[in-house]
Amino acid sequence: MVTLLGGDIYSALGDEEERLKHLKTGTYKTVQKEMVLMGEDLSFSYYSIDDSARNSALSIPLEYLENVVQTAIDKLKLTSADLSRCGLFLGSASNDLSLSLPLGQNFDNSQVERVGCERIGNGYYAQHLSEHFGLHPFSLTYNTACTSSANGVIDAASMLEGGIIDYALVIGFEMFAPISFEGFASMQLLSQGNIAPFDKNRQGIVLGEAISALFMSRDDVCDSPWKYLGGVGRCETHSVTGANPDGVGIGEVIQAALHTTGTQAQDIVAVKAHGTASALNDQAEINGMKKVFNTAPDFFSLKPYIGHTLGSCGCSELLLLMECVNAEFLPATTNFKERDEVLEWTPLQQTKRCTDGKFMLNYFGFGGNNTSLIVEKVDS
Amino acid sequence: MIYIHSVGTLGRVEGEELDVKAAWKAISAKMIRRTDRFIQLALLGAHEALKAHTLSQNTALYMASGQGNLAVFKRLRDQRYIHKQPPKPVDFINSLSNTAGFYVAQYFGITGKNLNVSRLNNVAETLLLLAQNDLELGHESEILLGGVDELQEPYPFTRKTLGICDDTVLGEGSNWLLLSANKEDALASLVYEKERFSLKELQSYLLTLDKDIMYTFAQKSATLLQKELHNILDETHIFNSVNGYFETSGLFTLVDFTKNGSGTLIYILLEGDKYRLIRLERLN
């Protein structure tokens, strides 16, 4: 049995104590980011990692990554021997910042391409972390849009099950990227207000950044009350930008996850929805759940707390769910105010006591990627 | 052990021309719109592999690339920094490299797991290990595994970002294998050995193998490996299969041997300070 050991998250919510306070009280922090789009001055909310000392674009991601992984290692008391048996699965929707930043800065600085002879590009961060922490040499960097690190969790579990590694480190990595920010704006997917998943008056996505580190293992190596029961990834070819609003593709991946894990829909205590607050995604997600659940399960979105963290959300939102249940509650979907008659189902609007059980986590992304995970916390 | 049921390859070296758009337009004019050269390269390579095969709907697609769709990223960079324009939506969408996987899945009508991965070195080989594990565990029944890398200009800059020598000839490629755990009608068997060898262990192991076996090396570490193993391996048994340097070129070698080789091929790669082996055996 694959186990989820825990980890740590850098996000707009601060440290674990602050995170739980926000998640219990339905509060969050955003900053404003400005842009000029087609000659128009625009301002959008953004969930930024709280750090005023960010002045070195190239080095800071590495420092963040090292720190979040080190914090997780310390918390879990992992030894260097453990780490040498630990594979790395890094998920990010961004074209690797180690390449994109110098390419962009060439133009900002001098119009001269200045890149050293050192190999850079996709996979650079995973390689750096593997070497820095003395990990097992197996590493992959996933770019499957918003399902990137969720797919990393699935493959980490598979490699653990196959006995190729004994520990796995899954990283969710997304930091502010101007092209990505402006790309979402140019597609008119960003909310100019807040993010209110499943609300009748939702306006769209609010982006955020998060770096998370989740350690996994097997119960014969390192047991935990948190078990990974299974997960399924599917490709829905309806549209490159999103799931079919009729919910067929999402219903299929949810059903497949239940089938793979031998779980009945009624055994799911709560669903961590993808819940982006884009009109079509919310519709597709509710319609997908309706194909599997006879009545609405307890479901919630974590994006009003940390924003849509794209490739990081798979890992970051799994860790947030684990922290909430460890603190014996499920969070409300803050910002939700008014039921949407089209959707009919409404998310949790009050925190709810919860100590254990089976949980479904859903993620959907560009490129037709739909991923559903099922985890369980066993009552200790 | 897993089995290769079909292979396909497409590529070129620097200086050669490859009109990917025209080639793909001849196959599927309707899928030209919204796709770019990287995506078309992926589609064409997969098409080469699947000319005589129909995939089951649940087939998974595992795709590897060194840099992903870097050309579109450069277009986005130019739009932002030179032309002061917002990203064109189609370019923004295509900058997510898994968009190529989407179009391959859409064209072949498959809805299984769809991965896009990268790694600094040995990305395709590492993905093969994942695929072998998933097939052996029964998590997948059939995997279409491909590696796609597009040649980028200017070449000196590309060599720098790839960390390779100035005199290395660059290439590009789209190489695909259809894999399953089922031996029936397979072209070849493939085993990614789980053991990691020290140099001494590797040398000892290679001496125990059949004399008829062919050998080849991962491209980036080929020079080093040849030097370290020249006393062990018969040079006439080196399978040379090079089509310019690109990061998923290992798949080109495996595809090439599956199509044109005979007997058994041992593919040797360096992973950190350990050596790994992939054993490919042609089946009749």
# chains A, B, ... in the order shown; residues from 1 in each chain; ligands from 1

call {"tool": "select_by_dssp", "arguments": {"residues": "segment 90-315 of chain A", "states": "helix (DSSP H, G or I)", "output": "PyMOL selection string"}}
result
chain A and resi 97-109+124-133+145-161+178-186+248-261+265-267+279-290+303-306+310-315

call {"tool": "residues_around", "arguments": {"residues": "segment 267-273 of chain A", "least_positions_apart": "6", "cutoff": "6 Å", "atoms": "only C-alpha atoms", "output": "JSON, numbers by chain"}}
result
{"A": [298, 299, 300, 301, 357, 358, 359, 360, 361, 362]}

call {"tool": "write_last_selection", "arguments": {"atoms": "N, CA and C atoms", "output": "compact mmCIF listing (two decimals), in the first residue's frame"}}
result
# COMPACT_ATOMS: atom_id res chain seq x y z
N ASP A 298 -20.24 16.09 -0.32
CA ASP A 298 -19.58 17.30 0.19
C ASP A 298 -18.41 17.60 -0.74
N PHE A 299 -18.41 18.79 -1.30
CA PHE A 299 -17.28 19.15 -2.15
C PHE A 299 -16.89 20.59 -1.91
N PHE A 300 -15.63 20.90 -2.21
CA PHE A 300 -15.11 22.24 -1.95
C PHE A 300 -13.97 22.53 -2.92
N SER A 301 -13.70 23.80 -3.11
CA SER A 301 -12.55 24.22 -3.92
C SER A 301 -11.56 24.95 -3.02
N GLY A 357 -11.42 9.11 6.59
CA GLY A 357 -12.27 8.66 5.50
C GLY A 357 -11.58 8.73 4.15
N LYS A 358 -12.37 8.46 3.11
CA LYS A 358 -11.84 8.45 1.74
C LYS A 358 -12.19 9.76 1.05
N PHE A 359 -11.22 10.30 0.35
CA PHE A 359 -11.39 11.60 -0.30
C PHE A 359 -11.01 11.49 -1.78
N MET A 360 -11.80 12.17 -2.59
CA MET A 360 -11.49 12.24 -4.02
C MET A 360 -10.94 13.63 -4.33
N LEU A 361 -9.89 13.66 -5.15
CA LEU A 361 -9.32 14.95 -5.57
C LEU A 361 -9.31 15.00 -7.09
N ASN A 362 -9.94 16.02 -7.65
CA ASN A 362 -10.07 16.12 -9.11
C ASN A 362 -9.29 17.30 -9.67

call {"tool": "select_by_dssp", "arguments": {"residues": "segment 115-246 of chain A", "states": "strand (DSSP E or B)", "output": "PyMOL selection string"}}
result
chain A and resi 139-142+167-174+190+199+205+207-208+210-218+226-235+239+242

call {"tool": "write_last_selection", "arguments": {"atoms": "N, CA and C atoms", "output": "short mmCIF file (atom, residue, chain, number, x, y, z; two decimals), in the first residue's frame"}}
result
data_model
loop_
_atom_site.label_atom_id
_atom_site.label_comp_id
_atom_site.auth_asym_id
_atom_site.auth_seq_id
_atom_site.Cartn_x
_atom_site.Cartn_y
_atom_site.Cartn_z
N SER A 139 14.19 10.68 -11.92
CA SER A 139 13.39 11.91 -11.82
C SER A 139 12.75 12.20 -13.16
N LEU A 140 11.58 12.77 -13.10
CA LEU A 140 10.90 13.24 -14.30
C LEU A 140 10.24 14.58 -13.99
N THR A 141 10.19 15.44 -15.00
CA THR A 141 9.47 16.71 -14.87
C THR A 141 8.24 16.65 -15.76
N TYR A 142 7.09 16.89 -15.17
CA TYR A 142 5.81 16.74 -15.86
C TYR A 142 5.29 18.08 -16.33
N TYR A 167 10.90 5.59 -1.64
CA TYR A 167 10.29 6.88 -1.29
C TYR A 167 10.10 7.67 -2.58
N ALA A 168 9.15 8.59 -2.56
CA ALA A 168 8.97 9.48 -3.70
C ALA A 168 8.75 10.89 -3.19
N LEU A 169 9.36 11.82 -3.89
CA LEU A 169 9.15 13.24 -3.60
C LEU A 169 8.41 13.83 -4.79
N VAL A 170 7.20 14.31 -4.54
CA VAL A 170 6.43 14.97 -5.60
C VAL A 170 6.47 16.47 -5.34
N ILE A 171 6.87 17.20 -6.35
CA ILE A 171 6.96 18.66 -6.23
C ILE A 171 5.89 19.29 -7.12
N GLY A 172 5.14 20.21 -6.56
CA GLY A 172 4.28 21.07 -7.36
C GLY A 172 4.94 22.43 -7.44
N PHE A 173 5.17 22.92 -8.65
CA PHE A 173 6.00 24.11 -8.80
C PHE A 173 5.36 25.08 -9.78
N GLU A 174 4.96 26.22 -9.26
CA GLU A 174 4.44 27.26 -10.15
C GLU A 174 4.74 28.60 -9.52
N LEU A 190 -9.37 35.36 -16.91
CA LEU A 190 -9.08 35.87 -15.56
C LEU A 190 -10.24 36.71 -15.03
N ASP A 199 -20.14 29.62 -7.92
CA ASP A 199 -21.08 30.69 -7.60
C ASP A 199 -21.76 31.18 -8.88
N ILE A 205 -11.00 32.88 -13.34
CA ILE A 205 -9.86 32.38 -12.58
C ILE A 205 -9.09 33.52 -11.92
N LEU A 207 -5.17 33.61 -10.64
CA LEU A 207 -3.97 32.76 -10.61
C LEU A 207 -3.20 32.92 -9.30
N GLY A 208 -2.37 31.96 -9.01
CA GLY A 208 -1.54 32.03 -7.82
C GLY A 208 -0.27 31.23 -8.02
N ALA A 210 2.56 28.61 -6.08
CA ALA A 210 2.75 27.69 -4.94
C ALA A 210 3.88 26.72 -5.26
N ILE A 211 4.66 26.43 -4.26
CA ILE A 211 5.68 25.38 -4.36
C ILE A 211 5.41 24.41 -3.22
N SER A 212 5.21 23.16 -3.57
CA SER A 212 4.88 22.19 -2.54
C SER A 212 5.74 20.94 -2.70
N ALA A 213 5.96 20.30 -1.59
CA ALA A 213 6.77 19.08 -1.58
C ALA A 213 6.04 18.02 -0.77
N LEU A 214 5.70 16.92 -1.42
CA LEU A 214 4.99 15.82 -0.77
C LEU A 214 5.85 14.57 -0.84
N PHE A 215 6.07 13.95 0.31
CA PHE A 215 6.79 12.68 0.32
C PHE A 215 5.80 11.52 0.38
N MET A 216 6.10 10.49 -0.38
CA MET A 216 5.28 9.28 -0.40
C MET A 216 6.20 8.08 -0.14
N SER A 217 5.58 6.96 0.25
CA SER A 217 6.36 5.74 0.46
C SER A 217 5.42 4.54 0.35
N ARG A 218 5.84 3.41 0.87
CA ARG A 218 4.97 2.22 0.97
C ARG A 218 4.86 1.85 2.45
N TRP A 226 -2.21 8.19 6.27
CA TRP A 226 -2.71 8.59 4.94
C TRP A 226 -2.28 7.57 3.90
N LYS A 227 -3.26 7.00 3.21
CA LYS A 227 -2.99 6.01 2.18
C LYS A 227 -3.39 6.58 0.81
N TYR A 228 -2.58 6.25 -0.18
CA TYR A 228 -2.95 6.57 -1.56
C TYR A 228 -3.65 5.34 -2.12
N LEU A 229 -4.92 5.45 -2.41
CA LEU A 229 -5.66 4.28 -2.89
C LEU A 229 -5.52 4.10 -4.39
N GLY A 230 -5.36 5.19 -5.12
CA GLY A 230 -5.18 5.07 -6.56
C GLY A 230 -5.57 6.34 -7.28
N GLY A 231 -5.28 6.36 -8.55
CA GLY A 231 -5.61 7.53 -9.35
C GLY A 231 -5.61 7.18 -10.82
N VAL A 232 -6.31 7.98 -11.58
CA VAL A 232 -6.44 7.73 -13.01
C VAL A 232 -6.26 9.04 -13.77
N GLY A 233 -5.50 8.98 -14.85
CA GLY A 233 -5.39 10.12 -15.77
C GLY A 233 -5.99 9.73 -17.10
N ARG A 234 -6.71 10.64 -17.71
CA ARG A 234 -7.33 10.39 -19.01
C ARG A 234 -7.15 11.62 -19.89
N CYS A 235 -7.24 11.41 -21.19
CA CYS A 235 -7.18 12.53 -22.12
C CYS A 235 -8.53 12.66 -22.82
N SER A 239 -11.85 19.37 -26.51
CA SER A 239 -11.26 20.68 -26.78
C SER A 239 -9.90 20.76 -26.10
N GLY A 242 -10.22 22.67 -22.58
CA GLY A 242 -11.02 22.31 -21.42
C GLY A 242 -11.90 21.11 -21.66
#

call {"tool": "closest_residue", "arguments": {"among": "B:Leu41, B:Ala100, B:Ile266, B:Leu233", "to": "Leu190 of chain B", "atoms": "only C-alpha atoms"}}
result
B:Ile266

call {"tool": "closest_residue", "arguments": {"among": "A:Gly365, A:Gly307, A:Pro245, A:Pro297", "to": "chain B", "atoms": "only C-alpha atoms"}}
result
A:Gly365

call {"tool": "closest_atom_pairs", "arguments": {"of": "chain B", "to": "chain A", "cutoff": "7 Å", "atoms": "only C-alpha atoms", "output": "JSON lines"}}
result
{"residue": "B:Gly66", "atom": "CA", "partner": "A:Asn122", "partner_atom": "CA", "distance": 6.7}
{"residue": "B:Gln67", "atom": "CA", "partner": "A:Asn122", "partner_atom": "CA", "distance": 5.7}
{"residue": "B:Arg77", "atom": "CA", "partner": "A:Gly104", "partner_atom": "CA", "distance": 6.2}
{"residue": "B:Tyr81", "atom": "CA", "partner": "A:Phe107", "partner_atom": "CA", "distance": 6.2}
{"residue": "B:Pro86", "atom": "CA", "partner": "A:Glu182", "partner_atom": "CA", "distance": 6.1}
{"residue": "B:Pro87", "atom": "CA", "partner": "A:Gly183", "partner_atom": "CA", "distance": 5.3}
{"residue": "B:Pro89", "atom": "CA", "partner": "A:Met187", "partner_atom": "CA", "distance": 6.0}
{"residue": "B:Phe92", "atom": "CA", "partner": "A:Gly183", "partner_atom": "CA", "distance": 5.7}
{"residue": "B:Leu96", "atom": "CA", "partner": "A:Ala145", "partner_atom": "CA", "distance": 6.6}
{"residue": "B:Ser97", "atom": "CA", "partner": "A:Asn143", "partner_atom": "CA", "distance": 6.7}
{"residue": "B:Asn98", "atom": "CA", "partner": "A:Thr144", "partner_atom": "CA", "distance": 5.4}
{"residue": "B:Thr99", "atom": "CA", "partner": "A:Gly367", "partner_atom": "CA", "distance": 4.9}
{"residue": "B:Phe102", "atom": "CA", "partner": "A:Gly367", "partner_atom": "CA", "distance": 5.1}
{"residue": "B:Gln106", "atom": "CA", "partner": "A:Thr237", "partner_atom": "CA", "distance": 5.3}
{"residue": "B:Thr111", "atom": "CA", "partner": "A:Cys235", "partner_atom": "CA", "distance": 4.7}
{"residue": "B:Gly112", "atom": "CA", "partner": "A:Arg234", "partner_atom": "CA", "distance": 4.8}
{"residue": "B:Lys113", "atom": "CA", "partner": "A:Arg234", "partner_atom": "CA", "distance": 4.3}
{"residue": "B:Asn114", "atom": "CA", "partner": "A:Cys235", "partner_atom": "CA", "distance": 5.8}
{"residue": "B:Leu115", "atom": "CA", "partner": "A:Thr144", "partner_atom": "CA", "distance": 6.4}
{"residue": "B:Asn116", "atom": "CA", "partner": "A:Asn143", "partner_atom": "CA", "distance": 5.5}
{"residue": "B:Val117", "atom": "CA", "partner": "A:Tyr142", "partner_atom": "CA", "distance": 4.6}
{"residue": "B:Ser118", "atom": "CA", "partner": "A:Thr141", "partner_atom": "CA", "distance": 5.1}
{"residue": "B:Arg119", "atom": "CA", "partner": "A:Gly123", "partner_atom": "CA", "distance": 4.1}
{"residue": "B:Leu120", "atom": "CA", "partner": "A:Gly123", "partner_atom": "CA", "distance": 4.8}
{"residue": "B:Asn133", "atom": "CA", "partner": "A:Gly162", "partner_atom": "CA", "distance": 6.2}
{"residue": "B:Asp134", "atom": "CA", "partner": "A:Ser158", "partner_atom": "CA", "distance": 6.7}
{"residue": "B:Lys160", "atom": "CA", "partner": "A:Cys117", "partner_atom": "CA", "distance": 5.0}
{"residue": "B:Thr161", "atom": "CA", "partner": "A:Arg119", "partner_atom": "CA", "distance": 5.2}
{"residue": "B:Leu162", "atom": "CA", "partner": "A:Arg119", "partner_atom": "CA", "distance": 5.1}
{"residue": "B:Gly163", "atom": "CA", "partner": "A:Arg119", "partner_atom": "CA", "distance": 4.4}
{"residue": "B:Glu271", "atom": "CA", "partner": "A:Pro137", "partner_atom": "CA", "distance": 6.8}
{"residue": "B:Gly272", "atom": "CA", "partner": "A:Pro137", "partner_atom": "CA", "distance": 6.6}

call {"tool": "residues_around", "arguments": {"residues": "Ser45 of chain A", "least_positions_apart": "6", "cutoff": "8 Å", "atoms": "only C-alpha atoms", "output": "short mmCIF file (atom, residue, chain, number, x, y, z; two decimals) with N, CA and C atoms, in the first residue's frame"}}
result
data_model
loop_
_atom_site.label_atom_id
_atom_site.label_comp_id
_atom_site.auth_asym_id
_atom_site.auth_seq_id
_atom_site.Cartn_x
_atom_site.Cartn_y
_atom_site.Cartn_z
N THR A 30 -4.45 38.40 -1.19
CA THR A 30 -4.03 38.55 -2.59
C THR A 30 -3.29 39.88 -2.77
N VAL A 31 -2.56 39.97 -3.88
CA VAL A 31 -1.95 41.23 -4.27
C VAL A 31 -2.55 41.62 -5.62
N GLN A 32 -2.33 42.85 -6.04
CA GLN A 32 -2.81 43.26 -7.35
C GLN A 32 -1.64 43.25 -8.34
N LYS A 33 -1.87 42.76 -9.51
CA LYS A 33 -0.86 42.81 -10.57
C LYS A 33 -1.45 43.53 -11.77
N SER A 191 -10.49 36.53 -13.75
CA SER A 191 -11.49 37.35 -13.06
C SER A 191 -10.86 38.69 -12.68
N GLN A 192 -11.63 39.74 -12.86
CA GLN A 192 -11.14 41.04 -12.37
C GLN A 192 -11.63 41.30 -10.95
N GLY A 193 -12.38 40.35 -10.44
CA GLY A 193 -12.78 40.43 -9.04
C GLY A 193 -12.10 39.31 -8.27
N ASN A 194 -12.88 38.63 -7.45
CA ASN A 194 -12.31 37.51 -6.69
C ASN A 194 -12.56 36.20 -7.45
N VAL A 206 -8.53 33.28 -10.75
CA VAL A 206 -7.48 34.13 -10.19
C VAL A 206 -6.26 33.22 -10.02
N LEU A 207 -5.17 33.61 -10.64
CA LEU A 207 -3.97 32.76 -10.61
C LEU A 207 -3.20 32.92 -9.30
#

call {"tool": "residues_around", "arguments": {"residues": "Leu320 of chain A", "least_positions_apart": "2", "cutoff": "12 Å", "atoms": "only C-alpha atoms", "output": "PyMOL selection string"}}
result
chain A and resi 6-11+13-20+22-24+210+212-214+272+301-303+305-306+313-318+322-327+329-331+361

call {"tool": "residues_around", "arguments": {"residues": "Asn287 of chain A", "least_positions_apart": "3", "cutoff": "9 Å", "atoms": "only C-alpha atoms", "output": "JSON, numbers by chain"}}
result
{"A": [245, 246, 247, 248, 250, 251, 282, 283, 284, 290, 291, 343]}

call {"tool": "closest_residue", "arguments": {"among": "B:Gly250, B:Ile2, B:Phe257, B:Asn240", "to": "Glu142 of chain B", "atoms": "only C-alpha atoms"}}
result
B:Ile2

call {"tool": "residues_around", "arguments": {"residues": "Asp19 of chain B", "least_positions_apart": "6", "cutoff": "12 Å", "atoms": "only C-alpha atoms", "output": "JSON, numbers by chain"}}
result
{"B": [10, 11, 12, 25, 26, 37, 38, 40, 41, 44]}

call {"tool": "atom_distance", "arguments": {"atom1": "atom CA of Gly15 of chain B", "atom2": "atom CA of Gln152 of chain B"}}
result
11.9 Å

call {"tool": "residues_around", "arguments": {"residues": "Asp340 of chain A", "least_positions_apart": "3", "cutoff": "8 Å", "atoms": "only C-alpha atoms", "output": "short mmCIF file (atom, residue, chain, number, x, y, z; two decimals) with N, CA and C atoms, in the first residue's frame"}}
result
data_model
loop_
_atom_site.label_atom_id
_atom_site.label_comp_id
_atom_site.auth_asym_id
_atom_site.auth_seq_id
_atom_site.Cartn_x
_atom_site.Cartn_y
_atom_site.Cartn_z
N PHE A 198 -18.13 27.86 -8.48
CA PHE A 198 -19.50 27.33 -8.45
C PHE A 198 -20.55 28.38 -8.09
N ASP A 199 -20.14 29.62 -7.92
CA ASP A 199 -21.08 30.69 -7.60
C ASP A 199 -21.76 31.18 -8.88
N LYS A 200 -23.01 31.58 -8.76
CA LYS A 200 -23.76 32.04 -9.93
C LYS A 200 -23.05 33.21 -10.62
N ASN A 201 -22.40 34.05 -9.84
CA ASN A 201 -21.80 35.26 -10.40
C ASN A 201 -20.28 35.15 -10.54
N LEU A 343 -26.08 24.91 -12.35
CA LEU A 343 -25.26 23.88 -11.70
C LEU A 343 -26.06 23.06 -10.68
N GLU A 344 -26.98 23.71 -10.01
CA GLU A 344 -27.82 23.11 -8.96
C GLU A 344 -27.03 22.77 -7.70
N TRP A 345 -25.95 22.05 -7.82
CA TRP A 345 -25.21 21.62 -6.63
C TRP A 345 -24.36 22.77 -6.10
N THR A 346 -24.23 22.83 -4.81
CA THR A 346 -23.44 23.91 -4.19
C THR A 346 -22.33 23.31 -3.32
#

call {"tool": "closest_residue", "arguments": {"among": "A:Tyr47, A:Lys352, A:Ser149, A:Val69", "to": "Ala332 of chain A", "atoms": "only C-alpha atoms"}}
result
A:Lys352
